[in-house]
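See structure below.
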Amino acid sequence: METEKKVNKSLDVTEDESEAVSRLVVPVIPTGGVSFYDAFVVRGIRVNRVEPGLVVCTLKVPPRFTDRGGNLANGAIANLVDVLGFCTAYVPGHPMNVSVDISISYMSTAKLHDELEITSRLLGRIGRYSGTIVILRNKTTGETIAEGRQSFFSSRPIAKL
């Protein structure tokens, strides 16, 4: 019970913090515009191949994606899996998919400036549900850095590709 009280106290927001957040200006992104988040995540990715159900990209690990040890950060890997999995499952002209599950296996590390090959494949689609797999490999060594699986749900059924 004491630990729970400490956790709750550490999560409390002070009046100054609350006021600081209320003063934040969040820009409205026009339809078709790019958010800061999207630009931060996808900047530097080179798309090499796109087919229905397949996206192949390369990325040289930038400083913004590294942790204090100079390794590709787990959070950056999760973002890449999320964004590229979504791109593979998305069908133009149909409703946007909502991610309902993501699972990532972290197998190795990549360093700053390592070149990665990222392959995202559609595993399948049944009605409103689809699944993807995203594999990040070191392009020089061929070593698998991470493998992520993600499932999506669409508000309307999508015809099979």
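Going through the structure tokens in order, the chains are called A, B, and so on, while each chain numbers its residues from 1 and the ligands are numbered from 1 in the order shown.
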Could you name the residues that touch region 64-66 of chain A at 12 Å or less, counting only C-alpha atoms, but leaving out those on the same chain fewer than 3 positions away, as a PyMOL selection string? chain A and resi 40-44+59-61+69-80+109-114
Excluding region 123-130 of chain A and any residue of its chain fewer than 2 positions from it, enumerate the residues within 12 Å of it, using only C-alpha atoms, and give them as JSON, numbers by chain. {"A": [52, 53, 54, 85, 86, 88, 89, 90, 91, 94, 95, 96, 97, 98, 99, 100, 101, 120, 121, 132, 133, 134, 148, 149, 150, 151, 152, 153, 154, 155, 156, 157, 158, 159, 160, 161]}
CA of Ser103 (chain A) sits from CA of Asp38 (chain A) at a separation of 20.9 Å
Strand (DSSP E) call set, DSSP backbone run, region 42-156 of chain A, as a PyMOL selection string: chain A and resi 46-51+54-60+97-106+115-126+129-138+144-154
Taking only C-alpha atoms into account, which of A:Leu136, A:Leu116, A:Val55, A:Ala39 comes nearest Cys87 (chain A)? A:Val55
Pick from A:Val13, A:Leu24, A:Leu122, A:Val81 nearest to Glu51 (chain A), counting only C-alpha atoms: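 Of all the options, A:Leu122 lies closest to Glu51 (chain A).
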Please list as number ranges by chain every residue within 8 Å of region 141-144 of chain A, counting only C-alpha atoms and excluding residues in the same chain fewer than 5 positions away. A: 107-108, 135-136
